[in-house]
Amino acid sequence: MLDVRALVQRVGPTLLRAVAVPESTPCVGDVVIAEPDQHPTVVDGDLVLGVAVADREQAAALVRICGDQGAAAVLLKPPVSDDEQVVSAAAEAGVALVEVRPETAWAQLVWLIRAALARTGLDEADARSSGVGDLFRLADAVADVVDAPVTIEDAHSQVLAYSARQDLTDPARVSTIMGRRQPDDVLAKFRARGTFRKLSKGSSAIFVPAQQDGTLPRLVVPIRMGGELLGSMWAVVPDEVSEERATAFADTAPLVALQLLRWRAVADAERRHSAEQVRLLLEGGDGWRVAAHELAVPNEQHRVIAIEMPASAGPAEGHRLALWEWITRGIGRRPLVTEIGAMLYAVVPDRARGGWLELRTALASHDMSPRPLIAVGTAVAVAELHQSRSQAEELVSLLRTGHLQERVAVYEDYWHLLVLSRMAGAATDAGIGSLGPLATLREHDRTQSTEYLATLRAWLRHPGDPRQASHELRVHPNTFRYRMKRLTQLVDIDLDDPDVRSALHVQLLAERWAQHG
C-alpha cells in the first residue's frame with residue numbers, strides 16, 4: 001500500500017505536487033470523483049478529486065468534509081489548490097492537499113493513480129506492450145471523469161472498449177455493446193442530427209439530446225491525433241452536463257488517442273516485425289542483408305526520411321504514430337517505416353512513381369498540425385542507408401534551430417548551410433571568437449548600444465557596395481559609411497588584407513550559426 005507522499009512520487013512531479021501533507025496519513029485506497037454540489041461519499045484512505053471545483057468556498061468545504069470522513073487527500077487544480085483559505089482548511093482537517101498540474105487530464109490522472117495502486121507501473125516499455133485491456137481500464141477512468149457509462153469506438157463505429165459501469169442505459173446502448181458496434185438504425189438517427197458531421201470537424205464535446213424513441217442523451221467527443229479522426233467516445237448522460245464536466249471529458253481524448261494508436265501498433269505483428277528489420281537497415285551493421293531480404297527491398301537507390309515532431313506538439317508519440325499510419329496506408333509501394341527514439345524514419349525508392357517524389361508531394365500537401373520537421377537524406381544503395389539516415393538527422397537539426405523553414409528539406413539542396421553549421425561547431429570548439437578585434441567591437445556594442453558587428457558583417461557580405469550593405473541594415477548609405485569610419489578608428493584592423501577579411505568573415509559566420517545551434 002502507498003501513502004500520499006509515495007503515491008505523488010510514483011505518479012510524478014509533472015502531474016502532481018504535494019501542497020500540504022500531514023506527518024501521518026492513511027494508506028491510499030481508491031479514487032473518488034467529487035461533485036461540486038453534492039456531499040461526497042468517502043471512506044478511509046480515499047483520494048478525492050475535485051474535478052469541477054473552481055472556487056475557494058467549494059474547495060474549503062470539500063476539504064473539511066473529506067477530513068471528517070477520513071480521506072487521505074484532496075486533489076485540486078490551481079488556483080484553488082494554492083489558496084490560503086483552502087490550505088488552512090486542509091491543515092485543520094488533517095487531510096493532505098495535492099495540486100494537479102493545470103494541463104493534466106483528469107482521466108489520465110485516475111488511470112495513472114489506479115495503475116500505481118495496483119503496482120502496474122506504466123513506464124514506456126509497459127505502455128508499448130499493453131494490449132486492449134488498457135483501453136477498457138481507460139474507459140473506466142473516463143467514465144469516472146464524466147460520471148457516465150462510456151464506450152470507445154473507432155472511426156467506423158466499431159466498439160473497441162467500454163466502461164465497467166453501465167448503470168444508465170437504453171436499448172441502443174445495449175445493442176451497441178452486445179453487437180460491438182452501433183446498430184445501423186441508431187447510426188442513421190445520429191447522422192440525421194448531424195452528429196457525425198460535427199465529429200469530423202471539431203474537437204470539443206457534442207451534446208445530443210434525447211430522442212422520441214427513448215434513446216437517452218449522449219455526450220460525444222472525437223478522438224483525434226495529428227489532424228486525423230481515429231474514433232470517438234460516447235457517454236450516456238441523463239441530461240446536459242456542466243461545461244466543466246464536458247471540458248474534462250473532452251480533455252481525455254488525446255490520452256485515449258495515444259493509447260488507441262499504441263494498441264494498434266502492438267496488435268499489428270507484421271508492422272512490428274517490419275519496423276525491427278528497418279532498424280537493422282538504418283543501423284548499417286552486419287544484419288542489413290538479411291533485413292533487406294526479408295523486407296524484399298528492391299536493388300535500387302533509396303532515400304531515408306527523418307521526421308521529428310516539434311517540442312510544441314503535445315503528445316509527440318501520438319503524432320508520430322498517427323503519421324506512421326498515414327504513411328503506411330499506401331504511398332505507392334508501401335513505405336518502410338520505423339521509430340527510433342523520438343524520430344520516425346521512412347525508407348523509399350528514389351523514383352517518381354511509387355517512391356520518394358510521390359511521398360514528397362504527399363508530405364508537402366498533408367495537413368498536419370503542429371507541422372513536423374521533415375528532412376531527407378541523399379539517394380544511396382541499400383547497403384549505405386545508414387549514411388542517408390545520418391544526413392537526414394543532420395538536416396533535422398537545422399530545421400530544429402530555425403535556420404530552415406522548409407516543409408520538406410532535402411539534403412543536397414542545403415549542403416551550403418550544412419557547411420556553415422559544421423564550420424560553426426568546429427570554430428566554436430577551437431575558440432576562434434576570442435581572437436582579433438571582434439571582442440572589442442562586441443563589448444562596445446554591448447555597453448554603448450552601437451551596431452559595429454552588424455555593420456562589419458554587412459560590409460563583408462557586400463564588399464565595395466555600400467548601398468547594398470546599408471540596404472541590408474536598413475540605414476542610409478551615409479550612416480553606413482560613418483559607422484565604418486568610426487569602427488576602423490575604434491580598432492586596428494586592415495580591411496585591405498584579403499586574409500584579414502576572410503578571417504573576420506569566418507568568425508562572424510561561426511558566431512551567428514553558433515547562436516542558433
# chains A, B, ... in the order shown; residues from 1 in each chain; ligands from 1

$ residues_around --residues "Leu219 (chain A)" --least-positions-apart "3" --cutoff "12 Å" --atoms "only C-alpha atoms" --output "number ranges by chain"
A: 143, 146-151, 190, 195, 199, 204-210, 216, 222, 232-243, 245-250

$ select_by_dssp --residues "region 141-297 of chain A" --states "alpha helix (DSSP H)" --output "PyMOL selection string"
chain A and resi 141-146+171-179+184-192+195-201+243-251+253-267+269-283+288-295

$ closest_residue --among "A:Val174, A:Leu138, A:Glu84, A:Pro335" --to "Ala253 (chain A)" --atoms "only C-alpha atoms"
A:Leu138

$ atom_distance --atom1 "CA of His444 (chain A)" --atom2 "CA of Arg512 (chain A)"
17.8 Å

$ residues_around --residues "Leu135 (chain A)" --least-positions-apart "2" --cutoff "9 Å" --atoms "only C-alpha atoms" --output "list in words"
Gly131, Val132, Gly133, Arg137, Leu138, Ala139, Asp140, Ile152, Leu160, Ala161, Tyr162, Val256, Gln259, Leu260 and Trp263 of chain A

$ closest_residue --among "A:Asp46, A:Glu308, A:Asp497, A:Asp184" --to "Leu2 (chain A)" --atoms "only C-alpha atoms"
A:Asp46

$ residues_around --residues "region 370-383 of chain A" --least-positions-apart "5" --cutoff "6 Å" --atoms "only C-alpha atoms" --output "PyMOL selection string"
chain A and resi 301-309+313+388+391-392+395-396+408-411

$ select_by_dssp --residues "region 334-376 of chain A" --states "strand (DSSP E)" --output "list in words"
Leu336, Val337, Thr338, Glu339, Ile340, Met343, Leu344, Tyr345, Ala346, Val347, Val348, Pro349, Leu373, Ile374, Ala375 and Val376 of chain A

$ atom_distance --atom1 "CA of Glu92 (chain A)" --atom2 "CA of Ala60 (chain A)"
10.6 Å

$ residues_around --residues "Glu294 (chain A)" --least-positions-apart "3" --cutoff "10 Å" --atoms "only C-alpha atoms" --output "number ranges by chain"
A: 273-274, 277-278, 288-291, 297

$ residues_around --residues "Arg224 (chain A)" --least-positions-apart "4" --cutoff "9 Å" --atoms "only C-alpha atoms" --output "PyMOL selection string"
chain A and resi 203+228-232+253-254+257

$ closest_residue --among "A:Leu255, A:Val86, A:Ala105, A:Val142" --to "Ala59 (chain A)" --atoms "only C-alpha atoms"
A:Val86

$ closest_residue --among "A:Val19, A:Met423, A:Leu385, A:Leu490" --to "Pro437 (chain A)" --atoms "only C-alpha atoms"
A:Leu490

$ residues_around --residues "Gly284 (chain A)" --least-positions-apart "3" --cutoff "9 Å" --atoms "only C-alpha atoms" --output "list of chain:residue names"
A:Arg279, A:Leu280, A:Leu281, A:Gly287, A:Trp288, A:Ala383, A:Glu384, A:Leu385, A:His386, A:Gln387
